[in-house]
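S.K.: Coordinates in data_11.cif, mmCIF, N, CA and C atoms, are listed below.
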```cif
data_final
loop_
_atom_site.label_atom_id
_atom_site.label_comp_id
_atom_site.auth_asym_id
_atom_site.auth_seq_id
_atom_site.Cartn_x
_atom_site.Cartn_y
_atom_site.Cartn_z
N MET Q 668 9.13 -27.29 9.28
CA MET Q 668 10.15 -27.15 8.26
C MET Q 668 10.92 -28.46 8.17
N LYS Q 669 10.97 -29.03 6.99
CA LYS Q 669 11.67 -30.31 6.81
C LYS Q 669 13.17 -30.10 6.70
N CYS Q 670 13.91 -31.01 7.34
CA CYS Q 670 15.37 -30.99 7.24
C CYS Q 670 15.76 -31.38 5.82
N ILE Q 671 16.71 -30.66 5.24
CA ILE Q 671 17.13 -30.95 3.87
C ILE Q 671 18.01 -32.19 3.78
N TYR Q 672 18.50 -32.65 4.95
CA TYR Q 672 19.38 -33.82 4.95
C TYR Q 672 18.62 -35.13 5.21
N CYS Q 673 17.75 -35.15 6.23
CA CYS Q 673 17.07 -36.40 6.58
C CYS Q 673 15.56 -36.36 6.38
N GLY Q 674 14.99 -35.18 6.12
CA GLY Q 674 13.55 -35.07 5.87
C GLY Q 674 12.69 -34.96 7.12
N SER Q 675 13.31 -34.94 8.29
CA SER Q 675 12.56 -34.83 9.54
C SER Q 675 11.93 -33.45 9.65
N GLU Q 676 10.74 -33.41 10.26
CA GLU Q 676 10.06 -32.12 10.44
C GLU Q 676 10.38 -31.48 11.78
N ALA Q 677 11.18 -32.13 12.59
CA ALA Q 677 11.53 -31.61 13.91
C ALA Q 677 12.83 -30.81 13.81
N SER Q 678 12.72 -29.50 14.02
CA SER Q 678 13.91 -28.64 14.02
C SER Q 678 13.70 -27.51 15.01
N LYS Q 679 14.80 -26.89 15.39
CA LYS Q 679 14.69 -25.73 16.26
C LYS Q 679 15.44 -24.57 15.63
N VAL Q 680 14.96 -23.38 15.91
CA VAL Q 680 15.56 -22.17 15.37
C VAL Q 680 16.69 -21.74 16.29
N LEU Q 681 17.89 -21.58 15.71
CA LEU Q 681 19.05 -21.15 16.47
C LEU Q 681 19.23 -19.63 16.42
N ASP Q 682 18.90 -19.05 15.26
CA ASP Q 682 19.14 -17.62 15.06
C ASP Q 682 18.16 -17.09 14.01
N SER Q 683 17.64 -15.90 14.23
CA SER Q 683 16.76 -15.23 13.26
C SER Q 683 17.29 -13.84 12.98
N ARG Q 684 17.35 -13.49 11.73
CA ARG Q 684 17.80 -12.15 11.33
C ARG Q 684 16.94 -11.66 10.17
N SER Q 685 16.58 -10.39 10.21
CA SER Q 685 15.83 -9.83 9.08
C SER Q 685 16.81 -9.36 8.03
N THR Q 686 16.43 -9.53 6.77
CA THR Q 686 17.25 -9.04 5.67
C THR Q 686 16.57 -7.82 5.09
N GLU Q 687 17.29 -6.72 5.04
CA GLU Q 687 16.71 -5.44 4.63
C GLU Q 687 16.34 -5.39 3.15
N GLU Q 688 17.17 -5.95 2.30
CA GLU Q 688 16.95 -5.78 0.87
C GLU Q 688 15.79 -6.60 0.31
N THR Q 689 15.41 -7.69 0.97
CA THR Q 689 14.35 -8.53 0.42
C THR Q 689 13.12 -8.63 1.32
N ASN Q 690 13.08 -7.90 2.42
CA ASN Q 690 11.96 -7.95 3.36
C ASN Q 690 11.64 -9.39 3.76
N SER Q 691 12.66 -10.13 4.10
CA SER Q 691 12.48 -11.51 4.52
C SER Q 691 13.24 -11.74 5.83
N ILE Q 692 13.01 -12.91 6.42
CA ILE Q 692 13.69 -13.28 7.66
C ILE Q 692 14.53 -14.51 7.38
N ARG Q 693 15.79 -14.44 7.75
CA ARG Q 693 16.72 -15.56 7.60
C ARG Q 693 16.74 -16.31 8.92
N ARG Q 694 16.50 -17.61 8.89
CA ARG Q 694 16.51 -18.42 10.11
C ARG Q 694 17.54 -19.54 9.97
N ARG Q 695 18.38 -19.62 10.97
CA ARG Q 695 19.36 -20.72 11.04
C ARG Q 695 18.72 -21.79 11.92
N ARG Q 696 18.59 -23.02 11.40
CA ARG Q 696 17.90 -24.09 12.10
C ARG Q 696 18.83 -25.28 12.33
N GLU Q 697 18.45 -26.07 13.33
CA GLU Q 697 19.16 -27.32 13.60
C GLU Q 697 18.13 -28.44 13.66
N CYS Q 698 18.41 -29.51 12.92
CA CYS Q 698 17.51 -30.66 12.90
C CYS Q 698 17.63 -31.40 14.23
N LEU Q 699 16.51 -31.72 14.85
CA LEU Q 699 16.52 -32.44 16.12
C LEU Q 699 16.74 -33.94 15.92
N ASN Q 700 16.62 -34.40 14.67
CA ASN Q 700 16.82 -35.81 14.37
C ASN Q 700 18.29 -36.12 14.05
N CYS Q 701 18.86 -35.43 13.06
CA CYS Q 701 20.23 -35.73 12.63
C CYS Q 701 21.27 -34.74 13.16
N GLY Q 702 20.83 -33.62 13.71
CA GLY Q 702 21.75 -32.64 14.30
C GLY Q 702 22.41 -31.70 13.30
N LYS Q 703 22.12 -31.83 12.01
CA LYS Q 703 22.73 -30.95 11.01
C LYS Q 703 22.00 -29.61 10.98
N ARG Q 704 22.72 -28.60 10.52
CA ARG Q 704 22.16 -27.24 10.48
C ARG Q 704 21.88 -26.82 9.04
N PHE Q 705 20.85 -25.98 8.89
CA PHE Q 705 20.49 -25.46 7.57
C PHE Q 705 19.82 -24.10 7.74
N THR Q 706 19.73 -23.36 6.66
CA THR Q 706 19.18 -22.01 6.67
C THR Q 706 17.88 -21.97 5.87
N THR Q 707 16.90 -21.26 6.40
CA THR Q 707 15.64 -21.04 5.67
C THR Q 707 15.38 -19.54 5.60
N TYR Q 708 14.59 -19.15 4.62
CA TYR Q 708 14.18 -17.75 4.46
C TYR Q 708 12.66 -17.69 4.42
N GLU Q 709 12.09 -16.75 5.15
CA GLU Q 709 10.64 -16.55 5.16
C GLU Q 709 10.35 -15.19 4.56
N THR Q 710 9.40 -15.16 3.63
CA THR Q 710 8.97 -13.88 3.05
C THR Q 710 7.46 -13.79 3.14
N VAL Q 711 6.97 -12.57 3.18
CA VAL Q 711 5.54 -12.33 3.24
C VAL Q 711 4.97 -12.43 1.84
N GLU Q 712 3.90 -13.19 1.71
CA GLU Q 712 3.22 -13.29 0.41
C GLU Q 712 2.23 -12.15 0.30
N THR Q 713 2.29 -11.44 -0.79
CA THR Q 713 1.31 -10.38 -1.03
C THR Q 713 0.49 -10.76 -2.26
N VAL Q 714 -0.78 -10.43 -2.19
CA VAL Q 714 -1.68 -10.71 -3.30
C VAL Q 714 -1.57 -9.53 -4.27
N PRO Q 715 -1.28 -9.79 -5.54
CA PRO Q 715 -1.21 -8.67 -6.49
C PRO Q 715 -2.60 -8.03 -6.65
N ILE Q 716 -2.62 -6.72 -6.61
CA ILE Q 716 -3.88 -5.98 -6.70
C ILE Q 716 -3.93 -5.28 -8.05
N LEU Q 717 -5.06 -5.42 -8.74
CA LEU Q 717 -5.26 -4.75 -10.01
C LEU Q 717 -6.25 -3.61 -9.83
N VAL Q 718 -5.97 -2.49 -10.48
CA VAL Q 718 -6.85 -1.33 -10.44
C VAL Q 718 -7.67 -1.32 -11.72
N ILE Q 719 -9.00 -1.23 -11.56
CA ILE Q 719 -9.90 -1.17 -12.72
C ILE Q 719 -10.12 0.30 -13.04
N LYS Q 720 -9.64 0.73 -14.19
CA LYS Q 720 -9.75 2.12 -14.61
C LYS Q 720 -11.17 2.41 -15.13
N LYS Q 721 -11.47 3.68 -15.35
CA LYS Q 721 -12.80 4.08 -15.82
C LYS Q 721 -13.17 3.44 -17.16
N ASP Q 722 -12.16 3.23 -18.01
CA ASP Q 722 -12.43 2.63 -19.33
C ASP Q 722 -12.52 1.11 -19.29
N GLY Q 723 -12.38 0.52 -18.08
CA GLY Q 723 -12.49 -0.93 -17.93
C GLY Q 723 -11.16 -1.66 -18.00
N SER Q 724 -10.10 -0.95 -18.38
CA SER Q 724 -8.78 -1.60 -18.44
C SER Q 724 -8.26 -1.83 -17.02
N ARG Q 725 -7.33 -2.73 -16.89
CA ARG Q 725 -6.77 -3.07 -15.59
C ARG Q 725 -5.27 -2.85 -15.62
N GLN Q 726 -4.74 -2.37 -14.50
CA GLN Q 726 -3.30 -2.22 -14.36
C GLN Q 726 -2.90 -2.48 -12.92
N PRO Q 727 -1.66 -2.87 -12.68
CA PRO Q 727 -1.23 -3.17 -11.32
C PRO Q 727 -1.31 -1.94 -10.42
N PHE Q 728 -1.66 -2.18 -9.16
CA PHE Q 728 -1.71 -1.11 -8.17
C PHE Q 728 -0.30 -0.54 -8.00
N ASN Q 729 -0.22 0.78 -7.94
CA ASN Q 729 1.08 1.46 -7.81
C ASN Q 729 0.93 2.60 -6.81
N ILE Q 730 1.54 2.44 -5.64
CA ILE Q 730 1.45 3.46 -4.60
C ILE Q 730 2.07 4.78 -5.05
N GLU Q 731 3.03 4.73 -5.95
CA GLU Q 731 3.68 5.95 -6.43
C GLU Q 731 2.70 6.86 -7.17
N LYS Q 732 1.72 6.28 -7.87
CA LYS Q 732 0.71 7.10 -8.55
C LYS Q 732 -0.15 7.85 -7.54
N ILE Q 733 -0.46 7.20 -6.43
CA ILE Q 733 -1.23 7.85 -5.37
C ILE Q 733 -0.43 9.01 -4.80
N LYS Q 734 0.85 8.76 -4.52
CA LYS Q 734 1.71 9.82 -3.96
C LYS Q 734 1.83 11.00 -4.92
N CYS Q 735 1.99 10.71 -6.21
CA CYS Q 735 2.12 11.80 -7.20
C CYS Q 735 0.88 12.68 -7.23
N GLY Q 736 -0.30 12.05 -7.21
CA GLY Q 736 -1.54 12.82 -7.20
C GLY Q 736 -1.67 13.68 -5.95
N MET Q 737 -1.28 13.13 -4.82
CA MET Q 737 -1.34 13.89 -3.57
C MET Q 737 -0.32 15.03 -3.55
N ILE Q 738 0.86 14.77 -4.08
CA ILE Q 738 1.89 15.82 -4.12
C ILE Q 738 1.41 16.99 -4.95
N LYS Q 739 0.78 16.72 -6.10
CA LYS Q 739 0.25 17.80 -6.95
C LYS Q 739 -0.83 18.58 -6.22
N ALA Q 740 -1.71 17.88 -5.52
CA ALA Q 740 -2.80 18.56 -4.79
C ALA Q 740 -2.27 19.38 -3.62
N CYS Q 741 -1.17 18.94 -3.03
CA CYS Q 741 -0.62 19.59 -1.84
C CYS Q 741 0.48 20.61 -2.16
N GLU Q 742 0.70 20.86 -3.45
CA GLU Q 742 1.74 21.79 -3.85
C GLU Q 742 1.51 23.17 -3.22
N LYS Q 743 2.57 23.71 -2.63
CA LYS Q 743 2.56 25.02 -1.96
C LYS Q 743 1.58 25.07 -0.79
N ARG Q 744 1.33 23.92 -0.19
CA ARG Q 744 0.47 23.82 0.99
C ARG Q 744 1.31 23.30 2.16
N PRO Q 745 0.88 23.56 3.39
CA PRO Q 745 1.68 23.11 4.54
C PRO Q 745 1.47 21.63 4.87
N VAL Q 746 1.70 20.79 3.88
CA VAL Q 746 1.56 19.34 4.06
C VAL Q 746 2.94 18.72 3.78
N SER Q 747 3.46 18.01 4.77
CA SER Q 747 4.81 17.44 4.64
C SER Q 747 4.78 16.16 3.81
N MET Q 748 5.96 15.81 3.31
CA MET Q 748 6.09 14.56 2.56
C MET Q 748 5.80 13.37 3.48
N ALA Q 749 6.13 13.49 4.74
CA ALA Q 749 5.85 12.42 5.70
C ALA Q 749 4.34 12.19 5.81
N GLN Q 750 3.55 13.27 5.80
CA GLN Q 750 2.09 13.14 5.85
C GLN Q 750 1.56 12.47 4.59
N ILE Q 751 2.10 12.85 3.44
CA ILE Q 751 1.68 12.26 2.17
C ILE Q 751 2.02 10.77 2.15
N ASP Q 752 3.24 10.43 2.57
CA ASP Q 752 3.64 9.02 2.64
C ASP Q 752 2.72 8.23 3.56
N ALA Q 753 2.41 8.81 4.72
CA ALA Q 753 1.55 8.13 5.69
C ALA Q 753 0.16 7.89 5.12
N MET Q 754 -0.40 8.89 4.43
CA MET Q 754 -1.73 8.73 3.83
C MET Q 754 -1.71 7.65 2.75
N ALA Q 755 -0.68 7.68 1.89
CA ALA Q 755 -0.58 6.71 0.80
C ALA Q 755 -0.41 5.29 1.36
N GLU Q 756 0.42 5.15 2.38
CA GLU Q 756 0.63 3.83 2.98
C GLU Q 756 -0.63 3.34 3.68
N ASP Q 757 -1.39 4.26 4.28
CA ASP Q 757 -2.65 3.89 4.91
C ASP Q 757 -3.65 3.37 3.86
N ILE Q 758 -3.69 4.03 2.72
CA ILE Q 758 -4.57 3.58 1.63
C ILE Q 758 -4.14 2.20 1.14
N GLU Q 759 -2.84 2.01 0.94
CA GLU Q 759 -2.34 0.71 0.48
C GLU Q 759 -2.67 -0.38 1.50
N LYS Q 760 -2.48 -0.10 2.77
CA LYS Q 760 -2.77 -1.07 3.83
C LYS Q 760 -4.26 -1.40 3.87
N THR Q 761 -5.10 -0.38 3.71
CA THR Q 761 -6.56 -0.59 3.70
C THR Q 761 -6.96 -1.51 2.55
N ILE Q 762 -6.39 -1.28 1.38
CA ILE Q 762 -6.70 -2.11 0.21
C ILE Q 762 -6.22 -3.54 0.42
N GLN Q 763 -4.99 -3.70 0.91
CA GLN Q 763 -4.45 -5.04 1.13
C GLN Q 763 -5.24 -5.79 2.21
N ASN Q 764 -5.67 -5.09 3.25
CA ASN Q 764 -6.43 -5.73 4.32
C ASN Q 764 -7.84 -6.11 3.89
N SER Q 765 -8.33 -5.49 2.82
CA SER Q 765 -9.67 -5.83 2.33
C SER Q 765 -9.68 -7.18 1.60
N LEU Q 766 -8.49 -7.69 1.27
CA LEU Q 766 -8.31 -8.99 0.61
C LEU Q 766 -8.96 -9.07 -0.77
N VAL Q 767 -9.17 -7.92 -1.41
CA VAL Q 767 -9.69 -7.92 -2.78
C VAL Q 767 -8.51 -7.98 -3.74
N GLN Q 768 -8.72 -8.57 -4.89
CA GLN Q 768 -7.66 -8.62 -5.89
C GLN Q 768 -7.83 -7.53 -6.94
N GLU Q 769 -9.05 -6.97 -7.02
CA GLU Q 769 -9.31 -5.88 -7.95
C GLU Q 769 -10.08 -4.78 -7.22
N ILE Q 770 -9.71 -3.54 -7.53
CA ILE Q 770 -10.39 -2.40 -6.92
C ILE Q 770 -10.57 -1.33 -7.99
N LYS Q 771 -11.69 -0.65 -7.95
CA LYS Q 771 -11.96 0.41 -8.92
C LYS Q 771 -11.15 1.65 -8.58
N SER Q 772 -10.69 2.34 -9.60
CA SER Q 772 -9.92 3.56 -9.39
C SER Q 772 -10.75 4.61 -8.66
N SER Q 773 -12.07 4.56 -8.86
CA SER Q 773 -12.95 5.52 -8.18
C SER Q 773 -12.93 5.30 -6.67
N GLN Q 774 -12.80 4.06 -6.23
CA GLN Q 774 -12.73 3.78 -4.79
C GLN Q 774 -11.43 4.33 -4.21
N ILE Q 775 -10.35 4.19 -4.96
CA ILE Q 775 -9.06 4.73 -4.51
C ILE Q 775 -9.14 6.26 -4.45
N GLY Q 776 -9.76 6.87 -5.45
CA GLY Q 776 -9.92 8.33 -5.46
C GLY Q 776 -10.69 8.82 -4.26
N GLU Q 777 -11.74 8.10 -3.89
CA GLU Q 777 -12.53 8.47 -2.71
C GLU Q 777 -11.70 8.36 -1.43
N MET Q 778 -10.86 7.32 -1.34
CA MET Q 778 -9.99 7.16 -0.18
C MET Q 778 -9.00 8.32 -0.07
N ILE Q 779 -8.47 8.73 -1.21
CA ILE Q 779 -7.52 9.85 -1.23
C ILE Q 779 -8.21 11.12 -0.77
N MET Q 780 -9.39 11.39 -1.31
CA MET Q 780 -10.11 12.62 -0.93
C MET Q 780 -10.47 12.61 0.55
N GLU Q 781 -10.86 11.47 1.07
CA GLU Q 781 -11.21 11.35 2.48
C GLU Q 781 -10.03 11.74 3.38
N ARG Q 782 -8.85 11.29 3.02
CA ARG Q 782 -7.66 11.59 3.82
C ARG Q 782 -7.19 13.03 3.63
N LEU Q 783 -7.24 13.52 2.39
CA LEU Q 783 -6.83 14.90 2.13
C LEU Q 783 -7.74 15.90 2.86
N LYS Q 784 -9.02 15.59 2.93
CA LYS Q 784 -9.98 16.48 3.59
C LYS Q 784 -9.62 16.68 5.06
N LYS Q 785 -9.10 15.64 5.71
CA LYS Q 785 -8.72 15.72 7.11
C LYS Q 785 -7.43 16.51 7.31
N VAL Q 786 -6.54 16.48 6.30
CA VAL Q 786 -5.23 17.11 6.43
C VAL Q 786 -5.22 18.56 5.94
N ASP Q 787 -5.81 18.81 4.77
CA ASP Q 787 -5.77 20.15 4.19
C ASP Q 787 -6.95 20.31 3.23
N GLU Q 788 -7.86 21.21 3.54
CA GLU Q 788 -9.08 21.37 2.73
C GLU Q 788 -8.79 21.91 1.34
N ILE Q 789 -7.78 22.76 1.21
CA ILE Q 789 -7.43 23.30 -0.12
C ILE Q 789 -6.90 22.17 -1.01
N ALA Q 790 -6.04 21.33 -0.46
CA ALA Q 790 -5.53 20.19 -1.22
C ALA Q 790 -6.67 19.25 -1.60
N TYR Q 791 -7.63 19.10 -0.70
CA TYR Q 791 -8.81 18.27 -0.97
C TYR Q 791 -9.59 18.83 -2.16
N VAL Q 792 -9.83 20.14 -2.17
CA VAL Q 792 -10.59 20.77 -3.26
C VAL Q 792 -9.81 20.65 -4.58
N ARG Q 793 -8.50 20.85 -4.52
CA ARG Q 793 -7.68 20.71 -5.74
C ARG Q 793 -7.80 19.30 -6.31
N PHE Q 794 -7.63 18.31 -5.44
CA PHE Q 794 -7.70 16.93 -5.91
C PHE Q 794 -9.09 16.61 -6.45
N ALA Q 795 -10.11 17.03 -5.72
CA ALA Q 795 -11.50 16.76 -6.13
C ALA Q 795 -11.81 17.40 -7.47
N SER Q 796 -11.26 18.60 -7.73
CA SER Q 796 -11.56 19.27 -8.99
C SER Q 796 -11.01 18.50 -10.18
N VAL Q 797 -9.86 17.86 -10.02
CA VAL Q 797 -9.29 17.06 -11.10
C VAL Q 797 -9.97 15.70 -11.14
N TYR Q 798 -10.13 15.08 -9.97
CA TYR Q 798 -10.69 13.74 -9.89
C TYR Q 798 -12.13 13.70 -10.41
N ARG Q 799 -12.92 14.68 -10.03
CA ARG Q 799 -14.33 14.72 -10.46
C ARG Q 799 -14.54 15.47 -11.77
N GLN Q 800 -13.47 15.93 -12.36
CA GLN Q 800 -13.47 16.61 -13.66
C GLN Q 800 -14.45 17.78 -13.71
N PHE Q 801 -14.25 18.73 -12.81
CA PHE Q 801 -15.11 19.91 -12.77
C PHE Q 801 -15.01 20.66 -14.10
N LYS Q 802 -16.16 21.05 -14.62
CA LYS Q 802 -16.21 21.78 -15.89
C LYS Q 802 -16.38 23.28 -15.69
N ASP Q 803 -17.01 23.68 -14.57
CA ASP Q 803 -17.21 25.11 -14.33
C ASP Q 803 -17.20 25.40 -12.83
N VAL Q 804 -17.38 26.67 -12.48
CA VAL Q 804 -17.29 27.14 -11.10
C VAL Q 804 -18.43 26.60 -10.23
N THR Q 805 -19.57 26.30 -10.80
CA THR Q 805 -20.70 25.82 -9.99
C THR Q 805 -20.36 24.52 -9.25
N ASN Q 806 -19.54 23.67 -9.86
CA ASN Q 806 -19.12 22.44 -9.19
C ASN Q 806 -18.24 22.75 -7.98
N PHE Q 807 -17.36 23.76 -8.14
CA PHE Q 807 -16.53 24.19 -7.02
C PHE Q 807 -17.40 24.70 -5.87
N ILE Q 808 -18.34 25.55 -6.20
CA ILE Q 808 -19.21 26.13 -5.17
C ILE Q 808 -20.00 25.04 -4.46
N LYS Q 809 -20.50 24.11 -5.21
CA LYS Q 809 -21.28 23.02 -4.62
C LYS Q 809 -20.40 22.20 -3.66
N LEU Q 810 -19.18 21.90 -4.05
CA LEU Q 810 -18.25 21.13 -3.22
C LEU Q 810 -17.93 21.89 -1.92
N ILE Q 811 -17.68 23.16 -2.04
CA ILE Q 811 -17.31 23.98 -0.88
C ILE Q 811 -18.48 24.13 0.07
N THR Q 812 -19.68 24.30 -0.44
CA THR Q 812 -20.85 24.43 0.44
C THR Q 812 -21.15 23.11 1.16
N GLU Q 813 -20.79 21.98 0.53
CA GLU Q 813 -20.98 20.69 1.19
C GLU Q 813 -20.02 20.49 2.35
N MET Q 814 -18.88 21.18 2.28
CA MET Q 814 -17.88 21.07 3.35
C MET Q 814 -18.37 21.82 4.57
#
```
Can you present the structure in this file as structure tokens?
M.R.:
Amino acid sequence: MKCIYCGSEASKVLDSRSTEETNSIRRRRECLNCGKRFTTYETVETVPILVIKKDGSRQPFNIEKIKCGMIKACEKRPVSMAQIDAMAEDIEKTIQNSLVQEIKSSQIGEMIMERLKKVDEIAYVRFASVYRQFKDVTNFIKLITEM
């Protein structure tokens, strides 16, 4: 980190504090060359992720859409909001760790179904029926027999 006064790259950190509102770290530094103090802020860079919809259009990834779909599938089921949040955050983390900038909505749907199946089979079937656009009962029967 270059000193803002003399341009030296030699500095030491005197104090570090996290800032809650911006998800960054505030560091108070002292230049080892001129002795003056200055403050720096560090933030995590995130790569924007675009979701490719079935029609080919693209829109920004939104974890709230994942949560809404799961909440609808888990309605009147013994699945807590904490479980839904954890599943949605796990999906978001998986996508971010894959380092892709674009992901198909079908891949996200599969991730959701995979997690719902482990937590509540009824919620899984509900989500699958909407996600896979079941037209009649035979699709339900086929899905249930595969389980």
S.K.: Please provide the set of residues having any atom within 10 Å of Gln750 in chain Q, restricted to only C-alpha atoms, with same-chain residues fewer than 4 positions apart removed, written as number ranges by chain.
M.R.: Q: 746, 754-756, 783, 786
S.K.: Would you output that residue set with N, CA and C atoms, as a tab-separated table (two decimals), keeping the file's coordinate frame?
M.R.:
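Output below, filename again_31.tsv:
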```tsv
chain	number	residue	atom	x	y	z
Q	746	VAL	N	1.70	20.79	3.88
Q	746	VAL	CA	1.56	19.34	4.06
Q	746	VAL	C	2.94	18.72	3.78
Q	754	MET	N	-0.40	8.89	4.43
Q	754	MET	CA	-1.73	8.73	3.83
Q	754	MET	C	-1.71	7.65	2.75
Q	755	ALA	N	-0.68	7.68	1.89
Q	755	ALA	CA	-0.58	6.71	0.80
Q	755	ALA	C	-0.41	5.29	1.36
Q	756	GLU	N	0.42	5.15	2.38
Q	756	GLU	CA	0.63	3.83	2.98
Q	756	GLU	C	-0.63	3.34	3.68
Q	783	LEU	N	-7.24	13.52	2.39
Q	783	LEU	CA	-6.83	14.90	2.13
Q	783	LEU	C	-7.74	15.90	2.86
Q	786	VAL	N	-6.54	16.48	6.30
Q	786	VAL	CA	-5.23	17.11	6.43
Q	786	VAL	C	-5.22	18.56	5.94
```
S.K.: Can you translate the PyMOL selection byres ((chain Q and resi 705) around 6.5) into the concrete residues it hits in this file, as a list of chain:residue names?
M.R.: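 Selection result, ordered by chain and number: Q:Arg694, Q:Arg695, Q:Arg696, Q:Glu697, Q:Cys698, Q:Lys703, Q:Arg704, Q:Thr706, Q:Thr707.
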S.K.: Save the residues we just selected, N, CA and C atoms, as a tab-separated table (two decimals), in the frame of the given file?
M.R.:
```tsv
chain	number	residue	atom	x	y	z
Q	694	ARG	N	16.50	-17.61	8.89
Q	694	ARG	CA	16.51	-18.42	10.11
Q	694	ARG	C	17.54	-19.54	9.97
Q	695	ARG	N	18.38	-19.62	10.97
Q	695	ARG	CA	19.36	-20.72	11.04
Q	695	ARG	C	18.72	-21.79	11.92
Q	696	ARG	N	18.59	-23.02	11.40
Q	696	ARG	CA	17.90	-24.09	12.10
Q	696	ARG	C	18.83	-25.28	12.33
Q	697	GLU	N	18.45	-26.07	13.33
Q	697	GLU	CA	19.16	-27.32	13.60
Q	697	GLU	C	18.13	-28.44	13.66
Q	698	CYS	N	18.41	-29.51	12.92
Q	698	CYS	CA	17.51	-30.66	12.90
Q	698	CYS	C	17.63	-31.40	14.23
Q	703	LYS	N	22.12	-31.83	12.01
Q	703	LYS	CA	22.73	-30.95	11.01
Q	703	LYS	C	22.00	-29.61	10.98
Q	704	ARG	N	22.72	-28.60	10.52
Q	704	ARG	CA	22.16	-27.24	10.48
Q	704	ARG	C	21.88	-26.82	9.04
Q	706	THR	N	19.73	-23.36	6.66
Q	706	THR	CA	19.18	-22.01	6.67
Q	706	THR	C	17.88	-21.97	5.87
Q	707	THR	N	16.90	-21.26	6.40
Q	707	THR	CA	15.64	-21.04	5.67
Q	707	THR	C	15.38	-19.54	5.60
```
S.K.: Excluding Arg793 in chain Q and its own-chain neighbours fewer than 3 positions away, which residues fall within 9 Å of it when counting only C-alpha atoms? Please give them as a list in words.
M.R.: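 Within the cut-off, the hits are Lys739, Ala740, Cys741, Glu788, Ile789, Ala790, Ser796, Val797 and Tyr798 of chain Q.
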S.K.: Tell me which residues the PyMOL selection byres (((chain Q and resi 715 and name CA) around 9) and name CA) grabs here, as a tab-separated table (two decimals) with N, CA and C atoms, in the frame of the given file.
M.R.:
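In the end it all went to expr.tsv:
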```tsv
chain	number	residue	atom	x	y	z
Q	713	THR	N	2.29	-11.44	-0.79
Q	713	THR	CA	1.31	-10.38	-1.03
Q	713	THR	C	0.49	-10.76	-2.26
Q	714	VAL	N	-0.78	-10.43	-2.19
Q	714	VAL	CA	-1.68	-10.71	-3.30
Q	714	VAL	C	-1.57	-9.53	-4.27
Q	716	ILE	N	-2.62	-6.72	-6.61
Q	716	ILE	CA	-3.88	-5.98	-6.70
Q	716	ILE	C	-3.93	-5.28	-8.05
Q	717	LEU	N	-5.06	-5.42	-8.74
Q	717	LEU	CA	-5.26	-4.75	-10.01
Q	717	LEU	C	-6.25	-3.61	-9.83
Q	727	PRO	N	-1.66	-2.87	-12.68
Q	727	PRO	CA	-1.23	-3.17	-11.32
Q	727	PRO	C	-1.31	-1.94	-10.42
Q	728	PHE	N	-1.66	-2.18	-9.16
Q	728	PHE	CA	-1.71	-1.11	-8.17
Q	728	PHE	C	-0.30	-0.54	-8.00
Q	768	GLN	N	-8.72	-8.57	-4.89
Q	768	GLN	CA	-7.66	-8.62	-5.89
Q	768	GLN	C	-7.83	-7.53	-6.94
Q	769	GLU	N	-9.05	-6.97	-7.02
Q	769	GLU	CA	-9.31	-5.88	-7.95
Q	769	GLU	C	-10.08	-4.78	-7.22
```
S.K.: Please report, as a ChimeraX atom specification, each residue of chain Q to which DSSP assigns helix (DSSP H, G or I) when run on this structure's backbone.
M.R.: /Q:730-740,748-764,772-786,788-798,804-813
S.K.: Looking at only C-alpha atoms, which of Q:Lys743, Q:Arg693, Q:Glu759, Q:Val792 is the one that sits closest to Leu681 in chain Q?
M.R.: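 Answer, going by the shortest atom-to-atom distance: Q:Arg693.
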S.K.: Quick check, in Å to one decimal: how far apart do CA of Pro745 in chain Q and CA of Glu777 in chain Q lie?
M.R.: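 It comes out at 21.7 Å.
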S.K.: For a cut-off of 6.5 Å around (-5.3, 10.2, 3.1), file coordinates, pick out all residues using all atoms listed in the file and list them as JSON, numbers by chain.
M.R.: {"Q": [753, 754, 755, 758, 778, 779, 780, 781, 782, 783]}
S.K.: Given the choices Q:Arg725, Q:Leu699, Q:Asp682, Q:Arg744, which gets closest to Cys670 in chain Q if the distance is worked out from all atoms listed in the file?
M.R.: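 Using all atoms listed in the file, Cys670 in chain Q sits closest to Q:Leu699.
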S.K.: Grab the CA of Val767 in chain Q to CA of Tyr791 in chain Q distance for me, in Å with one decimal place.
M.R.: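 Separation between CA of Val767 in chain Q and CA of Tyr791 in chain Q: 26.3 Å.
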S.K.: Residues of range 673-720 of chain Q classed as strand (DSSP E or B) by DSSP on the backbone are to be reported as a list in words.
M.R.: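 Residues meeting the strand (DSSP E or B) criterion: Ser678, Lys679, Val680, Leu681, Asp682, Ser683, Arg684, Ser685, Thr686, Ser691, Ile692, Arg693, Arg694, Arg695, Arg696, Glu697, Cys698, Arg704, Phe705, Thr706, Thr707, Tyr708, Glu709, Thr710, Leu717, Val718 and Ile719 of chain Q.
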S.K.: Mind giving me the straight-line distance from atom C of Arg799 in chain Q to atom N of Asp757 in chain Q in Å, one decimal?
M.R.: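 Separating atom C of Arg799 in chain Q from atom N of Asp757 in chain Q is a distance of 23.6 Å.
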S.K.: Give as a PyMOL selection string the residues that the PyMOL selection byres ((chain Q and resi 719) around 6.5) matches when applied to the coordinates above.
M.R.: chain Q and resi 717-718+720-726+769-773
